[in-house]
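Before any comments, here is the structure.
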Amino acid sequence: MIELTGRTAIVTGASRGIGRGIALMLASRGAHVVAAARGENARAVVDEIAGAGGSAEAEALEVTEAGAAETLVARTVERHGRIDILVNNAGIARDQLMLRMKREDWDAVIATNLTGAFALTQAVLKPMIRQRGGRIICISSVVGQSGNAGQANYAASKAGLVGFAKAVALEVASRGITVNVVAPGMIETDMTRAITENAREEWASKIPLRRLGTPADIAAAVCFLASDDAAYITGQVLAVNGGMYT
Ligand code: NDP
């Protein structure tokens with residue numbers, strides 16, 4: 001089993017869905033998790049981790065707010081001396097066909113999904129360079145690889161994360177820092193719960209592995225990329241999508 005004892009991990013968007021699943025699994029493998037979400041939203045997952053015997057703390061983070069990433073990283077370094085793992089997971093969708101898409105919906109999705117990851121990544125690089133190592137994992141989407149009608153803003157943000165991660169991976173490889181991407185398919189969370197039961201069944205029937213994914217499916221890939229076993233992997237995209245896009 002993957003062992004992450006002694007590592008400090010920041011997970012953005014840790015309050016629900018995939019981020020919550022990642023926080024729970026990182027903690028179950030021994031990492032101390034800094035669970036970040038807006039306001040007090042990450043409190044419940046931290047209680048859940050503590051209840052299971054793990055170690056975590058909740059942090060308020062609005063990824064679109066100037067200076068918020070630097071503050072979170074500074075507080076984490078002050079408390080724990082280091083940051084070993086960053087998971088850029090916080091994300092939103094504001095779906096609309098291109099002809100009707102409002103500029104504000106474009107801006108909100110890019111600001112949260114792409115610029116949010118930029119801010120957190122830039123903030124953790126200094127401590128990671130100082131400690132000569134670190135793991136940065138960005139949560140993209142199958143939609144960033146395949147495109148999807150009604151999601152031009154979301155697809156652009158998720159494809160953007162891939163180019164971003166590949167570029168940063170090349171910049172920091174000599175410092176012992178790896179930067180990778182996990183691209184989930186259709187995962188059971190609030191983001192996908194909005195679709196009807198019929199639509200869900202139709203989706204599932206199109207997925208070669210015949211089911212929607214779970215947050216734990218994504219968390220397992222993240223734990224692997226954060227582990228010593230993945231030390232020689234950088235600048236890569238790991239698709240976790242049940243075969244829905246190959
Ligand atoms: P959810 O909607 O269930 O959760 C989104 C998380 O992001 C919440 O924790 C939320 O925190 C946080 N968040 C959103 N906006 C901000 C913000 N401005 N600042 C800080 N935190 C914010 O989403 P999922 O779990 O489904 O998705 C997680 C990631 O996985 C996203 O990047 C998404 O694009 C990606 N993904 C999801 C797929 C799916 O099928 N579900 C498929 C492929 C990719 P808060 O509690 O504060 O709202």
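Every chain in the structure tokens takes a letter, A first, then B, and so on in the order presented; its residues are numbered from 1, and the ligands are numbered from 1 following the presented order.
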
Next on the checklist: Give me, as a PyMOL selection string, the set of residues whose atoms come within 7 Å of any atom of ligand 1, counting only C-alpha atoms and all ligand atoms.
Outcome noted: chain A and resi 12-19+36-39+41-42+61-64+89-93+112-113+139-142+183-192

Give me the residues of segment 46-90 of chain A that have any atom at most 10 Å from an atom of segment 120-131 of chain A; for each, the nearest atom pair and the distance in Å, rounded to one decimal. Use only C-alpha atoms, sort by chain and number, and format it as a tab-separated table.
```
residue	atom	partner	partner_atom	distance
A:Val63	CA	A:Leu120	CA	8.0
A:Gly67	CA	A:Ala123	CA	9.4
A:Ala68	CA	A:Leu120	CA	8.6
A:Ala69	CA	A:Leu120	CA	5.1
A:Glu70	CA	A:Ala123	CA	5.3
A:Thr71	CA	A:Ala123	CA	8.8
A:Leu72	CA	A:Leu120	CA	8.8
A:Val73	CA	A:Val124	CA	6.4
A:Ala74	CA	A:Ala123	CA	8.5
A:Thr76	CA	A:Val124	CA	10.0
A:Val77	CA	A:Pro127	CA	7.6
A:Gly81	CA	A:Pro127	CA	8.7
A:Arg82	CA	A:Pro127	CA	6.5
A:Ile83	CA	A:Met128	CA	6.6
A:Asp84	CA	A:Met128	CA	7.0
A:Ile85	CA	A:Val124	CA	9.0
A:Leu86	CA	A:Thr121	CA	7.6
A:Val87	CA	A:Leu120	CA	9.1
A:Asn88	CA	A:Leu120	CA	7.5
```

Please produce a file of the residues just selected, as an mmCIF file, in the first residue's frame, where the atoms kept are N, CA, C and O atoms.
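File written: again-v6.cif
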```cif
data_model
loop_
_atom_site.group_PDB
_atom_site.id
_atom_site.type_symbol
_atom_site.label_atom_id
_atom_site.label_comp_id
_atom_site.auth_asym_id
_atom_site.auth_seq_id
_atom_site.Cartn_x
_atom_site.Cartn_y
_atom_site.Cartn_z
ATOM 1 N N VAL A 63 -10.000 30.532 -4.211
ATOM 2 C CA VAL A 63 -8.846 30.477 -5.118
ATOM 3 C C VAL A 63 -8.755 31.674 -6.059
ATOM 4 O O VAL A 63 -7.692 31.943 -6.612
ATOM 5 N N GLY A 67 -3.767 36.949 -3.528
ATOM 6 C CA GLY A 67 -3.006 36.783 -2.294
ATOM 7 C C GLY A 67 -3.438 35.612 -1.438
ATOM 8 O O GLY A 67 -2.739 35.235 -0.484
ATOM 9 N N ALA A 68 -4.569 34.986 -1.762
ATOM 10 C CA ALA A 68 -5.083 33.904 -0.912
ATOM 11 C C ALA A 68 -4.158 32.678 -0.935
ATOM 12 O O ALA A 68 -3.919 32.045 0.106
ATOM 13 N N ALA A 69 -3.618 32.363 -2.092
ATOM 14 C CA ALA A 69 -2.733 31.192 -2.204
ATOM 15 C C ALA A 69 -1.470 31.401 -1.369
ATOM 16 O O ALA A 69 -1.046 30.509 -0.621
ATOM 17 N N GLU A 70 -0.890 32.598 -1.487
ATOM 18 C CA GLU A 70 0.344 32.895 -0.745
ATOM 19 C C GLU A 70 0.102 32.811 0.763
ATOM 20 O O GLU A 70 0.931 32.280 1.506
ATOM 21 N N THR A 71 -1.050 33.327 1.201
ATOM 22 C CA THR A 71 -1.368 33.289 2.639
ATOM 23 C C THR A 71 -1.492 31.845 3.118
ATOM 24 O O THR A 71 -0.931 31.471 4.154
ATOM 25 N N LEU A 72 -2.208 31.027 2.366
ATOM 26 C CA LEU A 72 -2.392 29.621 2.755
ATOM 27 C C LEU A 72 -1.052 28.893 2.816
ATOM 28 O O LEU A 72 -0.761 28.153 3.780
ATOM 29 N N VAL A 73 -0.221 29.115 1.796
ATOM 30 C CA VAL A 73 1.076 28.429 1.750
ATOM 31 C C VAL A 73 1.964 28.909 2.902
ATOM 32 O O VAL A 73 2.608 28.094 3.584
ATOM 33 N N ALA A 74 1.980 30.222 3.163
ATOM 34 C CA ALA A 74 2.808 30.753 4.257
ATOM 35 C C ALA A 74 2.373 30.171 5.598
ATOM 36 O O ALA A 74 3.201 29.771 6.424
ATOM 37 N N THR A 76 0.869 27.324 6.107
ATOM 38 C CA THR A 76 1.186 25.890 6.140
ATOM 39 C C THR A 76 2.675 25.676 6.437
ATOM 40 O O THR A 76 3.047 24.827 7.260
ATOM 41 N N VAL A 77 3.521 26.476 5.781
ATOM 42 C CA VAL A 77 4.964 26.335 6.013
ATOM 43 C C VAL A 77 5.303 26.720 7.451
ATOM 44 O O VAL A 77 6.116 26.061 8.115
ATOM 45 N N GLY A 81 6.513 23.479 8.389
ATOM 46 C CA GLY A 81 7.889 23.548 7.911
ATOM 47 C C GLY A 81 8.063 23.166 6.455
ATOM 48 O O GLY A 81 9.115 23.430 5.870
ATOM 49 N N ARG A 82 7.054 22.522 5.848
ATOM 50 C CA ARG A 82 7.212 22.062 4.465
ATOM 51 C C ARG A 82 5.866 21.770 3.816
ATOM 52 O O ARG A 82 4.858 21.613 4.516
ATOM 53 N N ILE A 83 5.899 21.700 2.498
ATOM 54 C CA ILE A 83 4.723 21.255 1.734
ATOM 55 C C ILE A 83 5.224 20.240 0.722
ATOM 56 O O ILE A 83 6.048 20.555 -0.140
ATOM 57 N N ASP A 84 4.772 19.014 0.860
ATOM 58 C CA ASP A 84 5.254 17.955 -0.025
ATOM 59 C C ASP A 84 4.363 17.749 -1.238
ATOM 60 O O ASP A 84 4.842 17.337 -2.296
ATOM 61 N N ILE A 85 3.057 17.982 -1.041
ATOM 62 C CA ILE A 85 2.093 17.640 -2.097
ATOM 63 C C ILE A 85 1.099 18.798 -2.240
ATOM 64 O O ILE A 85 0.580 19.293 -1.233
ATOM 65 N N LEU A 86 0.858 19.207 -3.482
ATOM 66 C CA LEU A 86 -0.236 20.149 -3.765
ATOM 67 C C LEU A 86 -1.175 19.477 -4.753
ATOM 68 O O LEU A 86 -0.732 19.005 -5.806
ATOM 69 N N VAL A 87 -2.463 19.447 -4.417
ATOM 70 C CA VAL A 87 -3.462 18.944 -5.361
ATOM 71 C C VAL A 87 -4.367 20.109 -5.749
ATOM 72 O O VAL A 87 -5.140 20.615 -4.937
ATOM 73 N N ASN A 88 -4.237 20.544 -7.005
ATOM 74 C CA ASN A 88 -5.087 21.608 -7.544
ATOM 75 C C ASN A 88 -6.376 20.976 -8.043
ATOM 76 O O ASN A 88 -6.448 20.493 -9.179
#
```

Next on the checklist: List the spatial neighbours of segment 200-204 of chain A as a PyMOL selection string - criterion: any atom at most 12 Å away, only C-alpha atoms, same-chain residues fewer than 4 positions off excluded.
Outcome noted: chain A and resi 185-188+192-196+208-213+241-244

Next on the checklist: Measuring between only C-alpha atoms, which one of A:Ala167, A:Val240, A:Ala159, A:Ala152 shows the shortest distance to Thr214 of chain A?
Outcome noted: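 Looking at the shortest contact to Thr214 of chain A, the residue is A:Val240.
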
Next on the checklist: Which residues are near Ala219 of chain A? Cut-off 10 Å, only C-alpha atoms, ignore same chain within fewer than 3 positions. Put them as a PyMOL selection string.
Outcome noted: chain A and resi 18-26+182+214-216+222-225

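Here atom CA of Val143 of chain A stands at a distance of 20.0 Å from atom CA of Arg103 of chain A.
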
Next on the checklist: To one decimal place in Å, what is the distance between atom CA of Ala117 of chain A and atom CA of Gly53 of chain A?
Outcome noted: 29.5 Å

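Ranking A:Arg100, A:Lys206, A:Arg175, A:Arg29 by their shortest atom-to-atom distance to Arg135 of chain A, with only C-alpha atoms included, puts A:Arg175 first.
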
Checklist entry - So what do you get for atom CA of Gly144 of chain A versus atom CA of Ala230 of chain A, distance-wise? => result 23.2 Å

Checklist outcome for this item: Judged by only C-alpha atoms, the minimum distance to Glu59 of chain A among A:Lys158, A:Met101, A:Asp47, A:Ile10 is found for A:Ile10
